[in-house]
Structure formats: C-alpha cells, structure tokens
Amino acid sequence: MDTQNTSVRAHAQSRGDGKNHPSRRARKATRRGGVIHDNSRHTTRFTVIGNHLAQHAELSLLAIGLAVHIQSLPGGAQVDIETLAGRFPEGKTRIAGALRELETHGYLRRTRMRTDGGRIVTRTVSCNQPGRTGAAEEPKRQPRPRRSADEQARRRALPAVPQPAYPAPDLLRTALGVLSGLRREDPRLLLSATDAEHLVPGVAAWLERDLTPEAVQRALTTGLPPEPLHRPAALLAHRFATQLPPLPPFRAPEAPAAVRHPLQNCDTCDRAFRGPGPGTCGPCASGR
C-alpha cells in the first residue's frame, strides 16, 4: 500500500499555486531573444507618436528620431538646422538630409515668407499624420463679438472740420466752452472728449468770422432732425464744413483820433494854449 508506482506520470501542478506560467508568445520571444516590453502608463510629459512614423520603412533612423523630437517640442520652438545641430551631435549635413527626408514623406513642410519688417524667414510645419490636412491647422480664433450700430458709428472717422487761421489759446478755450454748452440746448448733443477735441478747431474757425459764441451755438442747434442722433459729432462736423460763414469784409484800420490836450496857461504871456503840460505857448516859444 505504501509503495509508490514509479511508472505513473507526475501530476501537473495547479496554476493556482502562485506560479503562473508565461504565455506562449512570451516563451517564444524568450527562446528567440526578442524584445520584451516593460511599459508603464504615462500621465504627464509624453508625446503620442504613430507607428507609421516609428516603423516607417523608408525613413532613416536619424529622420525618425528627428521627427519624434520635433513633434515633442512646443509650438514656436526653433527647429532650423543651426539650432538642431547645436542640440545633437550628428552635424549640419546629416541633419539637413534628415529634414529633407521628412519633407519628402510629408512629415515636414517648410515655406519661406516675408515678415512685416521685410525679413525672409522659414516657416516650418510638423505633421504627425501626413495627408490628413492640406495645410497646418491654424489656431482657431475666437469670433469677435459683433458691435452694435452705435459702436460701429463711433469708430468711423469723423469728417474734417475747418481750421482757424490763428488758433490762439483763448480762442480755443472759448470754442470748447461752446461745444460743452450744446448738451444744455439739446441732450442729444452730448460729446465725448475725443469728439470735442476734433470739433474745437471748427468752432474756432467760425468765431474768427466775427460770430459770437451764442450765434455759433444757435447755428449748431437749430434745425436738427427729430430722430435720434447716432453720430452727433459727425453731424456737427458736417455743419461746420458746409455752413461755414464767409470771412468779414476787409476794413482798413481807422486813423487814430487827434489827441486834444488840456488847456495850459503860458508861463510868459499867460495866454491859454493846449499842451501836454505847463510851458510856453507857440508864439512865445518862437520869439514872435
């Protein structure tokens, strides 16, 4: 009963004893000396590379490695030959050849363009999947909010206004006072500081034509349209230009009035004569 039958095969051990057998593929790879991947999941600082690049049948190893490096860089990084040759030991000639390989197979696009300053620069576009897009995907710009009609009207340039011949500071201050008082006559004529700065020379040009500030104010506030004024400054600028009064007629300066000196008593003959101060009259002064 205690004798063991040596002709019976040993029972296979259960796989539940903690000694899992390697898979058939792993045993085959081990026998042939192939690679075994010891992978860990990346959560930060990684770049997704397609097998069409990593296992490309026509690209050189240098070109594949260079493409992987370029795709891992942030947007705007320098990838010219000079910069890459300073980063890697392969040298400018080999790096230039690898870049041409990537360009041939669509992983790189290089175009020359002129900047606003007149310089010629090379624009490099890296494609992680050649053939998917015909051009580099530009960053999507957020659509600008549509301005209202009032905002668009304010942004349009105002018409030109007449300019005064002699923009004296006192004249410009008076003109600014005329513009500031318009809103008291009509609340729709409330002007911004920028609009007032543009219109002040027009008011000064009117004041130079012998108009009083009250007359200019009446001319600007009379006959306004009844509907709302979306651009009051433009309306005023139009009136300044189209209703500019003519220059006053030339008047020769009047001769100064003769000076009438007060009466004086002659120190010699005691006669009365006109003179600026005490003294002798004309006959006594001439000895007659």
# chains A, B, ... in the order shown; residues from 1 in each chain; ligands from 1

call {"tool": "select_by_dssp", "arguments": {"residues": "region 16-132 of chain A", "states": "helix (DSSP H, G or I)", "output": "VMD selection string"}}
result
chain A and resid 16 to 17 24 to 32 51 to 54 61 to 72 81 to 87 92 to 104

call {"tool": "residues_around", "arguments": {"residues": "region 184-201 of chain A", "least_positions_apart": "2", "cutoff": "10 Å", "atoms": "only C-alpha atoms", "output": "number ranges by chain"}}
result
A: 154, 158-165, 167, 171-182, 203-207, 217-218, 220-222, 224, 228-237, 240

call {"tool": "select_by_dssp", "arguments": {"residues": "region 60-261 of chain A", "states": "strand (DSSP E or B)", "output": "PyMOL selection string"}}
result
chain A and resi 108-114+120-126

call {"tool": "closest_atom_pairs", "arguments": {"of": "region 94-131 of chain A", "to": "region 60-71 of chain A", "cutoff": "9 Å", "atoms": "only C-alpha atoms", "output": "CSV"}}
result
residue,atom,partner,partner_atom,distance
A:Arg94,CA,A:Leu62,CA,8.3
A:Ile95,CA,A:Leu62,CA,7.9
A:Gly97,CA,A:Ala63,CA,8.2
A:Ala98,CA,A:Ala63,CA,4.5
A:Leu99,CA,A:Ala63,CA,6.7
A:Arg100,CA,A:Ala63,CA,8.7
A:Glu101,CA,A:Ala63,CA,6.6
A:Leu102,CA,A:Ala63,CA,6.5
A:Tyr107,CA,A:Ala67,CA,7.4
A:Leu108,CA,A:Ala67,CA,8.3
A:Ser126,CA,A:Gln71,CA,6.7
A:Cys127,CA,A:Gln71,CA,8.0
A:Asn128,CA,A:Gln71,CA,7.1

call {"tool": "write_last_selection", "arguments": {"atoms": "C-alpha atoms", "output": "PDB file, in the first residue's frame"}}
result
ATOM      1  CA  ARG A  94      23.247  64.824 -41.700  1.00  0.00           C
ATOM      2  CA  ILE A  95      20.501  66.851 -40.018  1.00  0.00           C
ATOM      3  CA  GLY A  97      19.482  65.373 -45.071  1.00  0.00           C
ATOM      4  CA  ALA A  98      17.104  64.016 -42.401  1.00  0.00           C
ATOM      5  CA  LEU A  99      14.925  67.112 -42.684  1.00  0.00           C
ATOM      6  CA  ARG A 100      14.733  66.626 -46.450  1.00  0.00           C
ATOM      7  CA  GLU A 101      13.627  63.007 -45.883  1.00  0.00           C
ATOM      8  CA  LEU A 102      10.823  64.161 -43.583  1.00  0.00           C
ATOM      9  CA  TYR A 107       6.139  64.849 -42.078  1.00  0.00           C
ATOM     10  CA  LEU A 108       7.539  68.337 -42.536  1.00  0.00           C
ATOM     11  CA  SER A 126       5.322  69.495 -38.445  1.00  0.00           C
ATOM     12  CA  CYS A 127       2.666  66.929 -39.465  1.00  0.00           C
ATOM     13  CA  ASN A 128       2.033  63.984 -37.153  1.00  0.00           C
TER      14      ASN A 128
END

call {"tool": "atom_distance", "arguments": {"atom1": "CA of Phe46 (chain A)", "atom2": "CA of Ser72 (chain A)"}}
result
7.8 Å

call {"tool": "residues_around", "arguments": {"residues": "Pro276 (chain A)", "least_positions_apart": "4", "cutoff": "9 Å", "atoms": "only C-alpha atoms", "output": "list in words"}}
result
Arg260, His261, Pro262, Leu263 and Gln264 of chain A

call {"tool": "atom_distance", "arguments": {"atom1": "CA of Arg132 (chain A)", "atom2": "CA of Gly106 (chain A)"}}
result
10.2 Å

call {"tool": "atom_distance", "arguments": {"atom1": "CA of His56 (chain A)", "atom2": "CA of Glu82 (chain A)"}}
result
25.9 Å

call {"tool": "closest_residue", "arguments": {"among": "A:Gly223, A:Gln55, A:Val35, A:Arg271", "to": "Arg239 (chain A)", "atoms": "only C-alpha atoms"}}
result
A:Gly223

call {"tool": "decode", "arguments": {"residues": "region 209-221 of chain A", "atoms": "all heavy atoms", "output": "short mmCIF file (atom, residue, chain, number, x, y, z; two decimals), in the first residue's frame"}}
result
data_model
loop_
_atom_site.label_atom_id
_atom_site.label_comp_id
_atom_site.auth_asym_id
_atom_site.auth_seq_id
_atom_site.Cartn_x
_atom_site.Cartn_y
_atom_site.Cartn_z
N ARG A 209 -14.79 134.51 -37.71
CA ARG A 209 -15.59 135.23 -38.71
C ARG A 209 -16.59 136.18 -38.05
O ARG A 209 -17.69 136.38 -38.55
CB ARG A 209 -16.29 134.22 -39.62
CG ARG A 209 -15.34 133.58 -40.61
CD ARG A 209 -15.83 132.25 -41.14
NE ARG A 209 -15.07 131.84 -42.31
CZ ARG A 209 -13.85 131.33 -42.29
NH1 ARG A 209 -13.22 131.15 -41.13
NH2 ARG A 209 -13.24 130.98 -43.41
N ASP A 210 -16.20 136.76 -36.97
CA ASP A 210 -16.97 137.78 -36.25
C ASP A 210 -18.31 137.26 -35.74
O ASP A 210 -19.28 138.02 -35.63
CB ASP A 210 -17.21 139.01 -37.14
CG ASP A 210 -15.97 139.88 -37.23
OD1 ASP A 210 -15.01 139.60 -36.47
OD2 ASP A 210 -15.93 140.80 -38.05
N LEU A 211 -18.38 135.95 -35.41
CA LEU A 211 -19.59 135.40 -34.80
C LEU A 211 -19.39 135.30 -33.31
O LEU A 211 -18.28 134.95 -32.82
CB LEU A 211 -19.92 134.02 -35.37
CG LEU A 211 -20.84 133.97 -36.60
CD1 LEU A 211 -20.05 134.38 -37.84
CD2 LEU A 211 -21.43 132.59 -36.78
N THR A 212 -20.41 135.59 -32.57
CA THR A 212 -20.34 135.45 -31.11
C THR A 212 -20.54 133.98 -30.74
O THR A 212 -21.10 133.19 -31.52
CB THR A 212 -21.43 136.29 -30.44
OG1 THR A 212 -22.72 135.81 -30.85
CG2 THR A 212 -21.28 137.76 -30.84
N PRO A 213 -20.11 133.55 -29.55
CA PRO A 213 -20.36 132.17 -29.13
C PRO A 213 -21.84 131.82 -29.14
O PRO A 213 -22.20 130.68 -29.48
CB PRO A 213 -19.76 132.13 -27.72
CG PRO A 213 -18.70 133.19 -27.73
CD PRO A 213 -19.22 134.27 -28.61
N GLU A 214 -22.70 132.77 -28.78
CA GLU A 214 -24.14 132.48 -28.80
C GLU A 214 -24.64 132.24 -30.21
O GLU A 214 -25.49 131.37 -30.45
CB GLU A 214 -24.91 133.64 -28.16
CG GLU A 214 -24.66 133.83 -26.67
CD GLU A 214 -23.32 134.48 -26.37
OE1 GLU A 214 -22.68 135.00 -27.33
OE2 GLU A 214 -22.90 134.46 -25.20
N ALA A 215 -24.12 133.00 -31.18
CA ALA A 215 -24.54 132.81 -32.57
C ALA A 215 -24.09 131.45 -33.11
O ALA A 215 -24.83 130.77 -33.83
CB ALA A 215 -23.99 133.94 -33.44
N VAL A 216 -22.88 131.03 -32.75
CA VAL A 216 -22.40 129.71 -33.19
C VAL A 216 -23.26 128.62 -32.57
O VAL A 216 -23.64 127.64 -33.24
CB VAL A 216 -20.91 129.52 -32.79
CG1 VAL A 216 -20.44 128.13 -33.14
CG2 VAL A 216 -20.05 130.56 -33.50
N GLN A 217 -23.60 128.78 -31.31
CA GLN A 217 -24.42 127.76 -30.65
C GLN A 217 -25.80 127.65 -31.28
O GLN A 217 -26.33 126.56 -31.48
CB GLN A 217 -24.53 128.11 -29.16
CG GLN A 217 -24.96 126.96 -28.28
CD GLN A 217 -24.84 127.34 -26.82
OE1 GLN A 217 -25.58 128.21 -26.34
NE2 GLN A 217 -23.91 126.72 -26.12
N ARG A 218 -26.39 128.78 -31.64
CA ARG A 218 -27.70 128.75 -32.29
C ARG A 218 -27.62 128.09 -33.66
O ARG A 218 -28.51 127.33 -34.06
CB ARG A 218 -28.26 130.17 -32.43
CG ARG A 218 -28.82 130.76 -31.16
CD ARG A 218 -29.66 131.98 -31.46
NE ARG A 218 -28.90 133.01 -32.17
CZ ARG A 218 -28.18 133.96 -31.56
NH1 ARG A 218 -28.15 134.01 -30.23
NH2 ARG A 218 -27.54 134.87 -32.28
N ALA A 219 -26.55 128.36 -34.40
CA ALA A 219 -26.41 127.77 -35.73
C ALA A 219 -26.26 126.25 -35.67
O ALA A 219 -26.70 125.54 -36.57
CB ALA A 219 -25.20 128.38 -36.44
N LEU A 220 -25.66 125.75 -34.59
CA LEU A 220 -25.44 124.32 -34.47
C LEU A 220 -26.64 123.57 -33.91
O LEU A 220 -26.77 122.36 -34.12
CB LEU A 220 -24.22 124.05 -33.58
CG LEU A 220 -22.88 124.58 -34.09
CD1 LEU A 220 -21.77 124.29 -33.09
CD2 LEU A 220 -22.53 123.96 -35.45
N THR A 221 -27.51 124.25 -33.19
CA THR A 221 -28.63 123.56 -32.55
C THR A 221 -29.97 123.82 -33.24
O THR A 221 -30.98 123.24 -32.84
CB THR A 221 -28.74 124.01 -31.08
OG1 THR A 221 -28.86 125.44 -31.03
CG2 THR A 221 -27.53 123.57 -30.30
#
